[in-house]
>>> print(open('final.csv').read())   # CSV, C-alpha atoms
chain,number,residue,atom,x,y,z
A,21,MET,CA,-5.4,20.0,-13.4
A,22,ASP,CA,-5.5,22.9,-15.8
A,23,LEU,CA,-5.5,25.3,-12.9
A,24,ALA,CA,-2.5,23.7,-11.3
A,25,MET,CA,-0.6,23.9,-14.5
A,26,ILE,CA,-1.5,27.5,-15.0
A,27,VAL,CA,-0.9,28.7,-11.5
A,28,VAL,CA,2.3,26.9,-10.6
A,29,GLU,CA,5.4,25.8,-12.5
A,30,ARG,CA,6.5,23.3,-9.9
A,31,VAL,CA,4.3,21.5,-7.4
A,32,ARG,CA,5.8,21.8,-3.9
A,33,SER,CA,3.0,20.3,-1.8
A,34,GLY,CA,3.3,16.6,-1.3
A,35,LEU,CA,-0.5,16.4,-0.9
A,36,LEU,CA,-1.2,18.3,-4.1
A,37,LEU,CA,1.3,16.2,-5.9
A,38,LYS,CA,-0.4,13.0,-4.6
A,39,VAL,CA,-3.8,14.3,-5.6
A,40,LEU,CA,-2.7,15.3,-9.1
A,41,PHE,CA,-0.9,12.0,-9.6
A,42,SER,CA,-4.1,10.1,-8.6
A,43,LEU,CA,-6.2,12.2,-11.0
A,44,MET,CA,-3.7,11.6,-13.9
A,45,LYS,CA,-3.8,7.8,-13.2
A,46,LYS,CA,-7.6,7.8,-13.2
A,47,LEU,CA,-7.7,9.8,-16.5
A,48,GLU,CA,-5.2,7.5,-18.1
A,49,GLU,CA,-7.2,4.4,-17.1
A,50,SER,CA,-10.5,5.9,-18.3
A,51,MET,CA,-9.0,6.7,-21.7
A,52,GLU,CA,-7.6,3.2,-22.1
A,53,SER,CA,-9.4,1.0,-24.5
A,54,GLN,CA,-11.0,-2.3,-23.5
A,55,VAL,CA,-8.4,-4.2,-25.4
A,56,GLN,CA,-5.5,-2.4,-23.7
A,57,ARG,CA,-7.0,-2.9,-20.3
A,58,LEU,CA,-7.5,-6.6,-20.9
A,59,MET,CA,-4.0,-6.9,-22.3
A,60,ARG,CA,-2.7,-5.4,-19.1
A,61,GLU,CA,-5.0,-7.3,-16.7
A,62,VAL,CA,-5.3,-10.8,-18.2
A,63,GLY,CA,-3.4,-11.0,-21.5
A,64,GLY,CA,0.0,-11.8,-19.9
A,65,SER,CA,-1.4,-14.7,-17.8
A,66,ILE,CA,-3.1,-16.3,-20.8
A,67,ALA,CA,0.1,-15.9,-22.9
A,68,LYS,CA,2.1,-17.4,-20.1
A,69,LYS,CA,-0.1,-20.5,-19.8
A,70,LEU,CA,-0.1,-21.1,-23.6
A,71,SER,CA,3.7,-20.5,-23.6
A,72,GLU,CA,4.3,-23.1,-20.9
A,73,ILE,CA,2.1,-25.7,-22.8
A,74,ALA,CA,3.9,-25.1,-26.1
A,75,GLN,CA,7.3,-25.4,-24.4
A,76,LYS,CA,6.3,-28.7,-22.9
A,77,TRP,CA,5.3,-29.8,-26.4
A,78,GLY,CA,8.8,-28.9,-27.6
A,79,ASN,CA,8.3,-25.4,-29.1
A,80,LYS,CA,11.6,-23.8,-28.1
A,81,SER,CA,10.6,-20.2,-29.2
A,82,ALA,CA,7.4,-20.2,-27.1
A,83,HIS,CA,9.1,-18.6,-24.2
A,84,ASN,CA,9.1,-15.3,-26.2
A,85,TRP,CA,5.3,-15.3,-26.5
A,86,VAL,CA,4.9,-13.9,-23.0
A,87,ARG,CA,6.7,-10.6,-24.0
A,88,ASN,CA,5.1,-10.3,-27.5
A,89,PRO,CA,2.4,-7.6,-27.3
A,90,GLY,CA,1.0,-8.6,-30.7
A,91,PHE,CA,0.4,-12.2,-29.5
A,92,ILE,CA,-1.1,-10.9,-26.3
A,93,GLN,CA,-3.4,-8.6,-28.2
A,94,TYR,CA,-4.4,-11.5,-30.4
A,95,LEU,CA,-5.2,-13.6,-27.4
A,96,VAL,CA,-7.3,-10.9,-25.8
A,97,ILE,CA,-9.3,-10.3,-29.0
A,98,ILE,CA,-9.9,-14.0,-29.3
A,99,GLU,CA,-11.1,-14.1,-25.7
A,100,MET,CA,-13.3,-11.1,-26.1
A,101,ASN,CA,-15.1,-12.7,-29.1
A,102,ARG,CA,-15.4,-16.1,-27.6
A,103,PRO,CA,-19.0,-17.2,-27.3
A,104,GLN,CA,-20.3,-17.4,-23.7
>>> encode(input="final.csv", output="structure tokens")
Amino acid sequence: MDLAMIVVERVRSGLLLKVLFSLMKKLEESMESQVQRLMREVGGSIAKKLSEIAQKWGNKSAHNWVRNPGFIQYLVIIEMNRPQ
């Protein structure tokens, strides 16, 4: 990656661009914390389920829970610390 940035100002090869993009994605994923990964992978679905239940119980603001990153992070941390 460093070499590509030093040698060229603009990537013209589609293949090189694809390879560099793939490397960047892998680096980004490897640097992501476990909480961030779980928020992305399962946090939204957990929040959606809880939101639907709360809405059925009459909580009118529960529809916002699905888009609330703080709530999703809270759910993921609770899930990570749940006894097996």
>>> atom_distance(input="final.csv", atom1="atom CA of Ser71 of chain A", atom2="atom CA of Gln93 of chain A")
14.6 Å
>>> atom_distance(input="final.csv", atom1="atom CA of Ala74 of chain A", atom2="atom CA of Gln54 of chain A")
27.4 Å
>>> closest_residue(input="final.csv", among="A:Val86, A:Val96, A:Val31, A:Leu43", to="Leu70 of chain A", atoms="all atoms listed in the file")
A:Val86
>>> atom_distance(input="final.csv", atom1="atom CA of Ser53 of chain A", atom2="atom CA of Ile97 of chain A")
12.2 Å
>>> residues_around(input="final.csv", residues="Leu58 of chain A", least_positions_apart="2", cutoff="10 Å", atoms="only C-alpha atoms", output="PDB file with C-alpha atoms, in the coordinates of the input")
ATOM      1  CA  GLU A  52      -7.600   3.200 -22.100  1.00  0.00           C
ATOM      2  CA  SER A  53      -9.400   1.000 -24.500  1.00  0.00           C
ATOM      3  CA  GLN A  54     -11.000  -2.300 -23.500  1.00  0.00           C
ATOM      4  CA  VAL A  55      -8.400  -4.200 -25.400  1.00  0.00           C
ATOM      5  CA  GLN A  56      -5.500  -2.400 -23.700  1.00  0.00           C
ATOM      6  CA  ARG A  60      -2.700  -5.400 -19.100  1.00  0.00           C
ATOM      7  CA  GLU A  61      -5.000  -7.300 -16.700  1.00  0.00           C
ATOM      8  CA  VAL A  62      -5.300 -10.800 -18.200  1.00  0.00           C
ATOM      9  CA  GLY A  63      -3.400 -11.000 -21.500  1.00  0.00           C
ATOM     10  CA  GLY A  64       0.000 -11.800 -19.900  1.00  0.00           C
ATOM     11  CA  ILE A  92      -1.100 -10.900 -26.300  1.00  0.00           C
ATOM     12  CA  GLN A  93      -3.400  -8.600 -28.200  1.00  0.00           C
ATOM     13  CA  LEU A  95      -5.200 -13.600 -27.400  1.00  0.00           C
ATOM     14  CA  VAL A  96      -7.300 -10.900 -25.800  1.00  0.00           C
ATOM     15  CA  ILE A  97      -9.300 -10.300 -29.000  1.00  0.00           C
ATOM     16  CA  GLU A  99     -11.100 -14.100 -25.700  1.00  0.00           C
ATOM     17  CA  MET A 100     -13.300 -11.100 -26.100  1.00  0.00           C
TER      18      MET A 100
END
>>> decode(input="final.csv", residues="segment 23-104 of chain A", atoms="C-alpha atoms", output="short mmCIF file (atom, residue, chain, number, x, y, z; two decimals), in the first residue's frame")
data_model
loop_
_atom_site.label_atom_id
_atom_site.label_comp_id
_atom_site.auth_asym_id
_atom_site.auth_seq_id
_atom_site.Cartn_x
_atom_site.Cartn_y
_atom_site.Cartn_z
CA LEU A 23 4.54 1.60 -2.36
CA ALA A 24 1.40 2.26 -4.38
CA MET A 25 0.94 5.61 -2.65
CA ILE A 26 4.57 6.58 -3.22
CA VAL A 27 4.86 5.43 -6.83
CA VAL A 28 1.53 6.59 -8.28
CA GLU A 29 -0.71 9.55 -7.66
CA ARG A 30 -3.72 7.96 -9.32
CA VAL A 31 -4.47 4.24 -9.71
CA ARG A 32 -5.32 3.52 -13.35
CA SER A 33 -5.41 -0.25 -13.26
CA GLY A 34 -8.77 -1.70 -12.34
CA LEU A 35 -7.10 -4.82 -10.99
CA LEU A 36 -4.72 -2.85 -8.78
CA LEU A 37 -7.59 -0.71 -7.54
CA LYS A 38 -9.56 -3.86 -6.67
CA VAL A 39 -6.58 -5.37 -4.80
CA LEU A 40 -5.90 -2.14 -2.90
CA PHE A 41 -9.56 -1.81 -1.96
CA SER A 42 -9.61 -5.41 -0.72
CA LEU A 43 -6.49 -4.79 1.40
CA MET A 44 -7.97 -1.60 2.86
CA LYS A 45 -11.17 -3.44 3.79
CA LYS A 46 -9.22 -6.23 5.52
CA LEU A 47 -7.09 -3.71 7.42
CA GLU A 48 -10.16 -1.81 8.50
CA GLU A 49 -11.84 -5.00 9.73
CA SER A 50 -8.72 -6.15 11.60
CA MET A 51 -8.46 -2.80 13.39
CA GLU A 52 -12.12 -2.84 14.40
CA SER A 53 -12.78 -3.58 18.06
CA GLN A 54 -14.85 -6.57 19.13
CA VAL A 55 -17.63 -4.25 20.31
CA GLN A 56 -17.72 -2.42 16.97
CA ARG A 57 -17.78 -5.71 15.05
CA LEU A 58 -20.61 -7.10 17.15
CA MET A 59 -22.52 -3.81 16.86
CA ARG A 60 -22.28 -4.13 13.08
CA GLU A 61 -23.02 -7.86 12.92
CA VAL A 62 -25.67 -8.53 15.59
CA GLY A 63 -26.41 -5.35 17.52
CA GLY A 64 -28.97 -4.04 15.05
CA SER A 65 -30.98 -7.25 15.02
CA ILE A 66 -31.07 -7.41 18.83
CA ALA A 67 -32.20 -3.78 18.99
CA LYS A 68 -34.86 -4.45 16.35
CA LYS A 69 -36.31 -7.38 18.31
CA LEU A 70 -36.41 -5.41 21.56
CA SER A 71 -37.86 -2.40 19.76
CA GLU A 72 -40.68 -4.49 18.29
CA ILE A 73 -41.54 -5.97 21.69
CA ALA A 74 -41.51 -2.56 23.37
CA GLN A 75 -43.73 -1.11 20.64
CA LYS A 76 -46.23 -3.93 21.13
CA TRP A 77 -46.27 -3.06 24.84
CA GLY A 78 -47.12 0.54 23.95
CA ASN A 79 -43.74 2.28 24.01
CA LYS A 80 -44.15 4.78 21.17
CA SER A 81 -40.53 5.95 21.13
CA ALA A 82 -39.11 2.41 20.88
CA HIS A 83 -38.97 2.64 17.07
CA ASN A 84 -35.96 4.96 17.51
CA TRP A 85 -33.94 2.31 19.35
CA VAL A 86 -32.91 0.58 16.13
CA ARG A 87 -30.98 3.67 14.98
CA ASN A 88 -29.49 4.56 18.36
CA PRO A 89 -25.79 3.55 18.40
CA GLY A 90 -25.53 4.06 22.17
CA PHE A 91 -28.40 1.64 22.79
CA ILE A 92 -26.96 -0.88 20.32
CA GLN A 93 -23.55 -0.63 22.00
CA TYR A 94 -25.20 -1.16 25.39
CA LEU A 95 -26.98 -4.29 24.13
CA VAL A 96 -23.77 -5.69 22.65
CA ILE A 97 -21.83 -5.15 25.88
CA ILE A 98 -24.62 -6.78 27.89
CA GLU A 99 -24.56 -9.72 25.45
CA MET A 100 -20.76 -10.01 25.65
CA ASN A 101 -20.90 -10.20 29.45
CA ARG A 102 -23.85 -12.58 29.67
CA PRO A 103 -22.93 -15.82 31.46
CA GLN A 104 -22.82 -18.80 29.15
#
